[in-house]
Every structure is written in C-alpha cells, then in structure tokens.
$ cat my_file_26.txt   # compact mmCIF, C-alpha atoms and all ligand atoms
# COMPACT_ATOMS: atom_id res chain seq x y z
CA MET A 1 1.51 16.77 13.98
CA LYS A 2 3.58 17.79 11.06
CA LYS A 3 6.49 15.66 10.13
CA TYR A 4 9.25 16.62 7.83
CA LEU A 5 11.19 14.23 5.76
CA LEU A 6 14.72 14.42 4.55
CA ILE A 7 14.98 12.46 1.41
CA MET A 8 18.25 10.84 0.58
CA LEU A 9 18.09 9.42 -2.87
CA VAL A 10 20.42 6.63 -3.70
CA LEU A 11 20.19 6.54 -7.43
CA LEU A 12 22.12 3.72 -8.94
CA SER A 13 21.41 4.31 -12.57
CA SER A 14 18.82 6.07 -14.68
CA THR A 15 15.28 6.75 -13.56
CA SER A 16 13.96 4.00 -15.72
CA CYS A 17 12.91 0.99 -13.75
CA SER A 18 13.74 -1.29 -16.62
CA SER A 19 17.10 0.22 -17.41
CA LYS A 20 19.97 -2.19 -17.09
CA GLU A 21 22.69 -0.02 -18.56
CA ASN A 22 24.43 0.69 -15.32
CA THR A 23 25.51 -2.37 -13.38
CA GLU A 24 27.15 -0.47 -10.55
CA VAL A 25 26.22 -1.85 -7.14
CA ASN A 26 25.47 0.45 -4.26
CA THR A 27 28.01 -0.30 -1.57
CA SER A 28 26.11 1.74 1.01
CA ILE A 29 23.40 -0.87 1.35
CA GLU A 30 24.13 -2.64 4.59
CA SER A 31 22.27 -5.90 4.36
CA PRO A 32 23.59 -8.85 2.38
CA ILE A 33 22.46 -8.51 -1.20
CA THR A 34 21.28 -11.51 -3.10
CA ASN A 35 21.61 -11.53 -6.86
CA GLU A 36 17.86 -11.14 -7.19
CA VAL A 37 17.65 -8.14 -4.91
CA GLU A 38 20.81 -6.67 -6.36
CA GLN A 39 19.28 -6.82 -9.79
CA ALA A 40 16.09 -5.21 -8.54
CA ILE A 41 17.81 -2.27 -6.89
CA GLN A 42 20.27 -1.54 -9.64
CA SER A 43 17.96 1.04 -11.13
CA GLU A 44 17.17 3.07 -8.05
CA THR A 45 16.59 2.77 -4.37
CA VAL A 46 15.25 5.38 -2.05
CA VAL A 47 16.25 5.69 1.56
CA ILE A 48 14.38 8.16 3.67
CA GLU A 49 15.29 9.61 7.01
CA GLU A 50 12.96 11.58 9.19
CA VAL A 51 14.44 14.81 10.46
CA ASN A 52 12.04 15.61 13.23
CA LEU A 53 13.68 13.34 15.79
CA SER A 54 11.82 14.94 18.66
CA THR A 55 8.67 13.10 17.66
CA ASP A 56 8.52 9.34 17.61
CA THR A 57 11.74 7.42 17.31
CA ALA A 58 10.02 4.11 16.58
CA LEU A 59 8.40 5.53 13.46
CA THR A 60 11.67 7.17 12.48
CA GLU A 61 13.47 3.86 12.71
CA ILE A 62 10.83 2.10 10.65
CA VAL A 63 10.94 4.67 7.87
CA SER A 64 14.69 5.04 7.74
CA SER A 65 15.38 1.32 7.81
CA ASN A 66 13.30 0.49 4.76
CA LYS A 67 14.29 0.65 1.12
CA PHE A 68 11.93 1.11 -1.77
CA LYS A 69 11.75 1.60 -5.48
CA LYS A 70 10.43 4.89 -6.83
CA ASN A 71 7.69 5.29 -9.37
CA VAL A 72 9.03 4.76 -12.86
CA ALA A 73 6.68 7.04 -14.81
CA PRO A 74 4.78 10.30 -14.29
CA ASN A 75 1.52 8.38 -14.55
CA MET A 76 1.80 5.01 -12.84
CA LEU A 77 -1.79 4.13 -13.65
CA GLU A 78 -0.89 3.63 -17.29
CA VAL A 79 2.21 1.53 -16.67
CA SER A 80 1.97 -2.19 -17.40
CA ILE A 81 3.40 -4.40 -14.67
CA GLN A 82 5.26 -6.27 -17.41
CA ASP A 83 7.47 -3.20 -17.85
CA ILE A 84 8.54 -3.00 -14.21
CA GLU A 85 11.23 -4.94 -12.47
CA PRO A 86 9.97 -4.64 -8.91
CA TYR A 87 11.95 -4.24 -5.75
CA ILE A 88 11.41 -7.14 -3.36
CA LEU A 89 10.67 -5.76 0.08
CA GLU A 90 12.41 -6.96 3.19
CA ASP A 91 11.22 -6.83 6.79
CA ILE A 92 7.54 -6.40 6.03
CA ASN A 93 5.68 -4.36 8.65
CA HIS A 94 2.50 -2.33 9.07
CA GLU A 95 4.06 0.64 7.30
CA SER A 96 5.49 -1.24 4.33
CA ILE A 97 4.52 -0.04 0.88
CA VAL A 98 3.37 -2.52 -1.70
CA ASN A 99 2.58 -1.21 -5.17
CA LYS A 100 3.53 -1.79 -8.81
CA CYS A 101 7.21 -1.14 -8.09
CA ASN A 102 7.46 -2.84 -4.69
CA ARG A 103 6.36 -6.38 -4.01
CA LEU A 104 6.21 -8.92 -1.22
CA PRO A 105 8.74 -11.77 -1.22
CA ASP A 106 7.40 -15.07 -2.59
CA GLU A 107 7.80 -16.74 0.78
CA TYR A 108 5.95 -14.06 2.74
CA VAL A 109 3.01 -15.31 4.81
CA VAL A 110 0.84 -13.48 7.34
CA GLU A 111 1.63 -15.27 10.59
CA ASN A 112 -0.79 -13.73 13.07
CA ARG A 113 -4.37 -13.59 11.89
CA VAL A 114 -7.74 -12.84 13.41
CA THR A 115 -11.27 -13.17 12.10
CA ALA A 116 -12.74 -9.87 10.98
CA ASN A 117 -16.31 -8.93 11.83
CA HIS A 118 -18.00 -8.63 8.48
CA ASN A 119 -21.77 -8.20 8.96
CA GLY A 120 -22.20 -9.87 5.62
CA TYR A 121 -22.10 -13.23 3.97
CA ARG A 122 -18.44 -14.15 3.97
CA THR A 123 -15.88 -14.50 6.72
CA PHE A 124 -12.50 -12.86 6.21
CA GLU A 125 -9.24 -12.97 8.07
CA LEU A 126 -6.94 -10.02 8.64
CA GLU A 127 -3.51 -9.57 10.12
CA GLU A 128 -3.92 -9.39 13.86
CA ALA A 129 -3.40 -5.66 14.52
CA ALA A 130 -5.37 -4.70 11.42
CA GLY A 131 -8.16 -7.08 12.37
CA ASP A 132 -8.36 -5.82 15.94
CA ALA A 133 -8.45 -2.24 14.65
CA TRP A 134 -11.12 -3.03 12.08
CA ASN A 135 -13.27 -4.84 14.65
CA ALA A 136 -12.98 -1.82 16.99
CA LEU A 137 -13.91 0.61 14.21
CA ASN A 138 -16.81 -1.57 13.17
CA ALA A 139 -18.10 -1.86 16.75
CA ASP A 140 -17.87 1.90 17.34
CA ALA A 141 -19.64 2.59 14.06
CA LEU A 142 -22.42 0.21 15.00
CA GLU A 143 -22.94 2.19 18.21
CA ASP A 144 -23.56 5.20 16.00
CA GLY A 145 -26.02 3.19 13.94
CA ILE A 146 -23.58 2.77 11.05
CA TYR A 147 -23.52 -0.62 9.44
CA TYR A 148 -20.63 -1.74 7.29
CA VAL A 149 -20.27 -4.89 5.26
CA LEU A 150 -16.77 -6.18 4.74
CA ILE A 151 -16.37 -7.38 1.17
CA ASP A 152 -12.71 -8.43 1.19
CA GLY A 153 -9.83 -8.93 3.60
CA LEU A 154 -6.77 -11.17 3.56
CA ARG A 155 -6.07 -12.77 0.20
CA THR A 156 -3.75 -15.69 -0.33
CA PRO A 157 -1.41 -15.58 -3.35
CA GLU A 158 -3.83 -18.06 -4.96
CA ASP A 159 -6.74 -15.65 -4.38
CA GLN A 160 -4.78 -12.83 -5.99
CA GLN A 161 -3.69 -15.00 -8.89
CA TYR A 162 -7.31 -16.00 -9.52
CA LEU A 163 -8.43 -12.38 -9.45
CA PHE A 164 -5.68 -11.42 -11.87
CA ASP A 165 -6.29 -14.37 -14.18
CA ILE A 166 -10.01 -13.81 -14.64
CA ASN A 167 -9.35 -10.20 -15.62
CA TYR A 168 -6.38 -11.14 -17.79
CA GLU A 169 -8.44 -13.65 -19.71
CA SER A 170 -11.01 -11.05 -20.67
CA ASP A 171 -8.53 -8.21 -21.38
CA PRO A 172 -4.78 -8.80 -20.94
CA ASP A 173 -3.68 -5.19 -21.52
CA TRP A 174 -6.26 -3.87 -19.10
CA ALA A 175 -5.36 -6.40 -16.41
CA LEU A 176 -1.62 -5.69 -16.68
CA LYS A 177 -2.26 -2.01 -15.98
CA TYR A 178 -5.11 -2.05 -13.53
CA ILE A 179 -5.07 -5.31 -11.57
CA ALA A 180 -2.47 -5.95 -8.90
CA GLY A 181 -0.30 -8.92 -9.72
CA VAL A 182 0.49 -11.66 -7.25
CA ARG A 183 2.58 -10.35 -4.33
CA HIS A 184 1.69 -6.78 -5.33
CA SER A 185 -1.56 -6.49 -3.37
CA GLU A 186 -1.96 -5.12 0.14
CA HIS A 187 -4.67 -7.72 0.59
CA GLU A 188 -1.88 -10.31 0.61
CA MET A 189 -0.47 -8.51 3.68
CA GLY A 190 -3.78 -8.89 5.56
CA LEU A 191 -3.67 -5.12 6.04
CA ALA A 192 -6.35 -4.09 3.54
CA VAL A 193 -10.11 -4.07 3.93
CA ASP A 194 -12.72 -3.47 1.26
CA ILE A 195 -15.66 -1.80 2.96
CA SER A 196 -19.18 -1.42 1.72
CA THR A 197 -22.67 -0.73 2.93
CA ASN A 198 -25.42 -3.30 3.07
CA GLU A 199 -26.53 -2.01 -0.32
CA GLY A 200 -23.75 -3.95 -2.03
CA PHE A 201 -20.85 -2.00 -3.49
CA PRO A 202 -20.35 1.52 -2.07
CA PRO A 203 -22.55 3.99 -3.91
CA ASP A 204 -21.06 6.91 -5.85
CA ASN A 205 -22.16 9.27 -3.09
CA PHE A 206 -20.50 7.14 -0.38
CA TYR A 207 -18.80 10.14 1.20
CA GLU A 208 -22.06 12.03 1.43
CA ILE A 209 -23.84 9.37 3.47
CA PRO A 210 -23.18 8.51 7.16
CA GLU A 211 -21.17 5.35 6.37
CA GLY A 212 -18.65 7.19 4.21
CA ILE A 213 -18.52 10.27 6.40
CA PHE A 214 -17.75 8.20 9.52
CA LEU A 215 -14.92 6.44 7.68
CA ARG A 216 -13.55 9.67 6.23
CA ASP A 217 -13.47 11.36 9.62
CA ASN A 218 -12.46 8.47 11.86
CA ALA A 219 -10.63 5.70 10.02
CA HIS A 220 -7.21 7.20 10.74
CA LYS A 221 -7.84 7.09 14.48
CA TYR A 222 -7.96 3.31 14.19
CA GLY A 223 -4.94 3.17 11.90
CA PHE A 224 -6.63 3.02 8.49
CA VAL A 225 -6.24 5.29 5.46
CA LEU A 226 -8.10 5.56 2.19
CA ARG A 227 -5.28 4.08 0.14
CA TYR A 228 -6.26 4.98 -3.44
CA PRO A 229 -7.82 8.44 -3.33
CA LYS A 230 -9.33 10.31 -6.21
CA GLY A 231 -6.80 12.58 -7.90
CA LYS A 232 -3.77 10.52 -6.83
CA GLU A 233 -4.15 7.73 -9.39
CA ASP A 234 -1.00 8.73 -11.26
CA ILE A 235 1.01 8.34 -8.04
CA THR A 236 -0.57 5.20 -6.56
CA GLY A 237 -0.96 3.45 -9.91
CA ILE A 238 -4.45 2.34 -8.87
CA LYS A 239 -7.80 3.80 -9.88
CA TYR A 240 -9.82 5.59 -7.23
CA GLU A 241 -11.26 3.04 -4.81
CA SER A 242 -13.69 4.51 -2.29
CA TRP A 243 -13.89 1.15 -0.53
CA HIS A 244 -10.24 0.13 -0.03
CA TYR A 245 -8.69 1.06 3.32
CA ARG A 246 -5.20 0.12 4.39
CA TYR A 247 -4.02 -0.40 7.95
CA VAL A 248 -0.75 1.42 8.66
CA GLY A 249 -1.18 1.97 12.42
CA PRO A 250 -2.76 5.04 14.09
CA GLU A 251 0.40 7.12 14.13
CA LEU A 252 1.26 6.94 10.44
CA ALA A 253 -2.42 7.02 9.50
CA SER A 254 -2.80 10.33 11.34
CA VAL A 255 0.22 11.77 9.50
CA LEU A 256 -1.17 10.72 6.11
CA TYR A 257 -4.65 11.98 7.01
CA GLU A 258 -3.50 15.36 8.29
CA GLU A 259 -1.13 15.92 5.39
CA GLY A 260 -3.57 14.58 2.82
CA ILE A 261 -0.90 12.40 1.23
CA THR A 262 -0.54 8.83 0.03
CA LEU A 263 2.04 6.29 1.19
CA GLU A 264 3.98 6.93 -2.02
CA GLU A 265 4.15 10.64 -1.22
CA TYR A 266 5.07 9.97 2.39
CA TYR A 267 8.01 7.88 1.30
CA SER A 268 8.70 10.39 -1.50
CA LEU A 269 8.39 7.71 -4.13
CA GLU A 270 6.72 9.90 -6.71
CA TYR A 271 8.33 10.08 -10.11
CA GLU A 272 10.69 13.00 -10.44
CA GLU A 273 11.61 13.72 -14.02
CA ASN A 274 15.14 15.03 -13.65
CA GLU A 275 16.61 12.45 -11.35
ZN ZN B 301 -9.12 -3.72 -1.79
$ encode --input "my_file_26.txt" --output "structure tokens"
Amino acid sequence: MKKYLLIMLVLLSSTSCSSKENTEVNTSIESPITNEVEQAIQSETVVIEEVNLSTDTALTEIVSSNKFKKNVAPNMLEVSIQDIEPYILEDINHESIVNKCNRLPDEYVVENRVTANHNGYRTFELEEAAGDAWNALNADALEDGIYYVLIDGLRTPEDQQYLFDINYESDPDWALKYIAGVRHSEHEMGLAVDISTNEGFPPDNFYEIPEGIFLRDNAHKYGFVLRYPKGKEDITGIKYESWHYRYVGPELASVLYEEGITLEEYYSLEYEENE
C-alpha cells in the first residue's frame, strides 16, 4: 500500500547541525522544552504528517507526533559524531529512528524483554515485540530448513560503550565516523538483530543463498527491515550491513519494503541542500 507523506519542515536556523547562530526558539513545539532539548532542536526539527488518512490512523499518529533531526550533510557516512549535536528523542517506540543525528535519552531502558532464539552459542534478549517476531520468523524459517544464528541482540549502554572504545583505541577517526556511539545504536532499543548463518558471519553472497533470500522476501512480514542497505550509506550514515535487521512492526516494515526506502527517507530526514 502506497503512503504519501506531507512534510512540514520546521527549520529553526541553518541546515548545519552544529550551527548556533540563530537562538530563536520554535514556539510551535507543544511539549515542555528543557534547556538540553531546546539546544538540540535549535538547528532544525522535522515534523511529518501523513496525508493518506484513510489508511491507518495509529501509524499516522505515531509519525506525526514524533520530532527528529535531519541529516546534516549530503554524505552522512563521512560525518564524525563529534561534529553533530544530536536531537534527544522522546516517547521511544517501535518506529523511532535512532541514527547519528537522533539519540536515545540517557535514562532510556528497555522495560519488556524476552529471550531470543539464537541457534548459536550466546543468548540474547530483545524487546518483547521484536523478540516475539524474531522467534516466529526463526521458527518459520526452520520449517523451511533454513537455519539462522543470531549474533547480536539487545545491547546495554555498557556493551555499546565497550564496542565503541575498542574501535576508538585502534583508530579514533574511523570509530567516530563508522561506529555508533552510546545511545545511538538500535541495539540499545532491543529492536535490532544481527543475523548470520552457521558458517559464521554472513557470506558475501548472502542474498543468493536460501538464508538471505528468505530474509529478503519475508522479514517485513514479521516487522523487520534491512536497516543499512547497500547504496543508502550516505543517507543512513552506516556502511552496508547485510546482517542487521531492525524491528519496526509489520505495517511500517511493509511500507519500507514496498517503497524500497530507509527509515531516514520515510521520515524525510535526508539532507536537502537548499533548506
Ligand atoms: Zn547490528
């Protein structure tokens, strides 16, 4: 089902994320604004409304009630996280976008968790709906003789910090561009799964073998999307990851799958030069 988005851009200053020239505060933002959030949204905030109201009102409400920060450069992959003042998300839900420009609040914790079936050597937890969906996908795949190994699930902030630190120690510049900082990873939401075969890491021809083909054709039915596709690195800010799937719920996943777009494109958060 095609959905059409009306994009209402609330631009509070220049397009530069780090610009602090304009201190004007957007009075149209309804919720109480803390100094921290106010500072974060001074540069730009995007509010999106869905026009096709005849479809699903719940999804419309979710999309229109959230605020986000747009990409700050034409190629987000090459932007260092040190150069971004991120927007701190409120009301985290299955559709929330977490990336270099949008982060989880420090106090955010995943309340409802389930154990994910992993078929491997480590046990992982996931957020409840994501975990239930993953376990269903995994069970259905097994019926078709397809065997997945889960190689990562929910990460605590400490897990993410460790991952960042070990990369930072070996190459700071590389880590600042290519490794998600603490509170910037979907794994900290319990909504991301890293999926492999029993061969170890997914092979280069993953989407030519049954394991990859089943995921490609069916993941969205369970609510998962390939979050960092090849060719969209400049928009997502993350290198192509054949293994990383994000739970967004079956409805939004189907929209993203059918349109062939990322979460950033869905929320129209791509960088637009002249705004
Ligand atoms: Zn991942």
$ atom_distance --input "my_file_26.txt" --atom1 "atom CA of A:Gly212" --atom2 "atom CA of A:Glu199"
12.9 Å
$ residues_near_ligand --input "my_file_26.txt" --ligand "ligand ZN 301 (chain B)" --cutoff "9 Å" --atoms "only C-alpha atoms and all ligand atoms" --output "mmCIF file with C-alpha atoms, keeping the file's coordinate frame"
data_model
loop_
_atom_site.group_PDB
_atom_site.id
_atom_site.type_symbol
_atom_site.label_atom_id
_atom_site.label_comp_id
_atom_site.auth_asym_id
_atom_site.auth_seq_id
_atom_site.Cartn_x
_atom_site.Cartn_y
_atom_site.Cartn_z
ATOM 1 C CA ILE A 151 -16.370 -7.380 1.170
ATOM 2 C CA ASP A 152 -12.710 -8.430 1.190
ATOM 3 C CA GLY A 153 -9.830 -8.930 3.600
ATOM 4 C CA SER A 185 -1.560 -6.490 -3.370
ATOM 5 C CA GLU A 186 -1.960 -5.120 0.140
ATOM 6 C CA HIS A 187 -4.670 -7.720 0.590
ATOM 7 C CA ALA A 192 -6.350 -4.090 3.540
ATOM 8 C CA VAL A 193 -10.110 -4.070 3.930
ATOM 9 C CA ASP A 194 -12.720 -3.470 1.260
ATOM 10 C CA ILE A 195 -15.660 -1.800 2.960
ATOM 11 C CA ARG A 227 -5.280 4.080 0.140
ATOM 12 C CA GLU A 241 -11.260 3.040 -4.810
ATOM 13 C CA TRP A 243 -13.890 1.150 -0.530
ATOM 14 C CA HIS A 244 -10.240 0.130 -0.030
ATOM 15 C CA TYR A 245 -8.690 1.060 3.320
ATOM 16 C CA ARG A 246 -5.200 0.120 4.390
#
$ closest_residue --input "my_file_26.txt" --among "A:Arg183, A:His94, A:His220, A:Arg113" --to "A:Glu158" --atoms "all atoms listed in the file"
A:Arg183
$ residues_around --input "my_file_26.txt" --residues "stretch 101-111 of chain A" --least-positions-apart "3" --cutoff "10 Å" --atoms "all atoms listed in the file" --output "NGL selection string"
:A and (17 or 40 or 67-72 or 76 or 81 or 83-92 or 96-98 or 126-128 or 154-157 or 181-186 or 188-191 or 237 or 269)
$ residues_near_point --input "my_file_26.txt" --point "(-2.7, 4.0, -14.2)" --cutoff "8 Å" --atoms "only C-alpha atoms" --output "compact mmCIF listing (two decimals) with C-alpha atoms, keeping the file's coordinate frame"
# COMPACT_ATOMS: atom_id res chain seq x y z
CA ASN A 75 1.52 8.38 -14.55
CA MET A 76 1.80 5.01 -12.84
CA LEU A 77 -1.79 4.13 -13.65
CA GLU A 78 -0.89 3.63 -17.29
CA VAL A 79 2.21 1.53 -16.67
CA LYS A 177 -2.26 -2.01 -15.98
CA TYR A 178 -5.11 -2.05 -13.53
CA GLU A 233 -4.15 7.73 -9.39
CA ASP A 234 -1.00 8.73 -11.26
CA GLY A 237 -0.96 3.45 -9.91
CA ILE A 238 -4.45 2.34 -8.87
CA LYS A 239 -7.80 3.80 -9.88
$ residues_around --input "my_file_26.txt" --residues "A:Ile213" --least-positions-apart "5" --cutoff "12 Å" --atoms "only C-alpha atoms" --output "NGL selection string"
:A and (141 or 144 or 146 or 205-208 or 218-219 or 242)
$ closest_residue --input "my_file_26.txt" --among "A:Gln82, A:Tyr222, A:Ala136, A:Tyr267" --to "A:Trp174" --atoms "all atoms listed in the file"
A:Gln82
$ closest_residue --input "my_file_26.txt" --among "A:Glu258, A:Glu270, A:Asp204, A:Glu169" --to "A:Lys221" --atoms "all atoms listed in the file"
A:Glu258
$ residues_near_point --input "my_file_26.txt" --point "(0.9, 8.9, 11.1)" --cutoff "10 Å" --atoms "only C-alpha atoms" --output "PyMOL selection string"
chain A and resi 1-3+59+95+220-221+223-225+248-259+266
$ atom_distance --input "my_file_26.txt" --atom1 "atom CA of A:Asp140" --atom2 "atom CA of A:Asn198"
17.0 Å
$ atom_distance --input "my_file_26.txt" --atom1 "atom CA of A:Tyr247" --atom2 "atom CA of A:Leu163"
21.6 Å
$ residues_around --input "my_file_26.txt" --residues "A:Leu142" --least-positions-apart "3" --cutoff "12 Å" --atoms "all atoms listed in the file" --output "PDB file with C-alpha atoms, in the frame of the given file"
ATOM      1  CA  ASN A 117     -16.310  -8.930  11.830  1.00  0.00           C
ATOM      2  CA  HIS A 118     -18.000  -8.630   8.480  1.00  0.00           C
ATOM      3  CA  ASN A 119     -21.770  -8.200   8.960  1.00  0.00           C
ATOM      4  CA  ASN A 135     -13.270  -4.840  14.650  1.00  0.00           C
ATOM      5  CA  ALA A 136     -12.980  -1.820  16.990  1.00  0.00           C
ATOM      6  CA  LEU A 137     -13.910   0.610  14.210  1.00  0.00           C
ATOM      7  CA  ASN A 138     -16.810  -1.570  13.170  1.00  0.00           C
ATOM      8  CA  ALA A 139     -18.100  -1.860  16.750  1.00  0.00           C
ATOM      9  CA  GLY A 145     -26.020   3.190  13.940  1.00  0.00           C
ATOM     10  CA  ILE A 146     -23.580   2.770  11.050  1.00  0.00           C
ATOM     11  CA  TYR A 147     -23.520  -0.620   9.440  1.00  0.00           C
ATOM     12  CA  TYR A 148     -20.630  -1.740   7.290  1.00  0.00           C
ATOM     13  CA  VAL A 149     -20.270  -4.890   5.260  1.00  0.00           C
ATOM     14  CA  PRO A 210     -23.180   8.510   7.160  1.00  0.00           C
ATOM     15  CA  GLU A 211     -21.170   5.350   6.370  1.00  0.00           C
ATOM     16  CA  PHE A 214     -17.750   8.200   9.520  1.00  0.00           C
TER      17      PHE A 214
END
$ closest_residue --input "my_file_26.txt" --among "A:Phe124, A:Tyr271, A:Trp134, A:Tyr162" --to "A:Leu215" --atoms "all atoms listed in the file"
A:Trp134
$ closest_residue --input "my_file_26.txt" --among "A:Asn99, A:Ser170, A:Ser80, A:Gln160" --to "A:Glu264" --atoms "only C-alpha atoms"
A:Asn99
$ closest_residue --input "my_file_26.txt" --among "A:Lys232, A:Glu273, A:Glu125, A:Gly120" --to "A:Thr197" --atoms "only C-alpha atoms"
A:Gly120
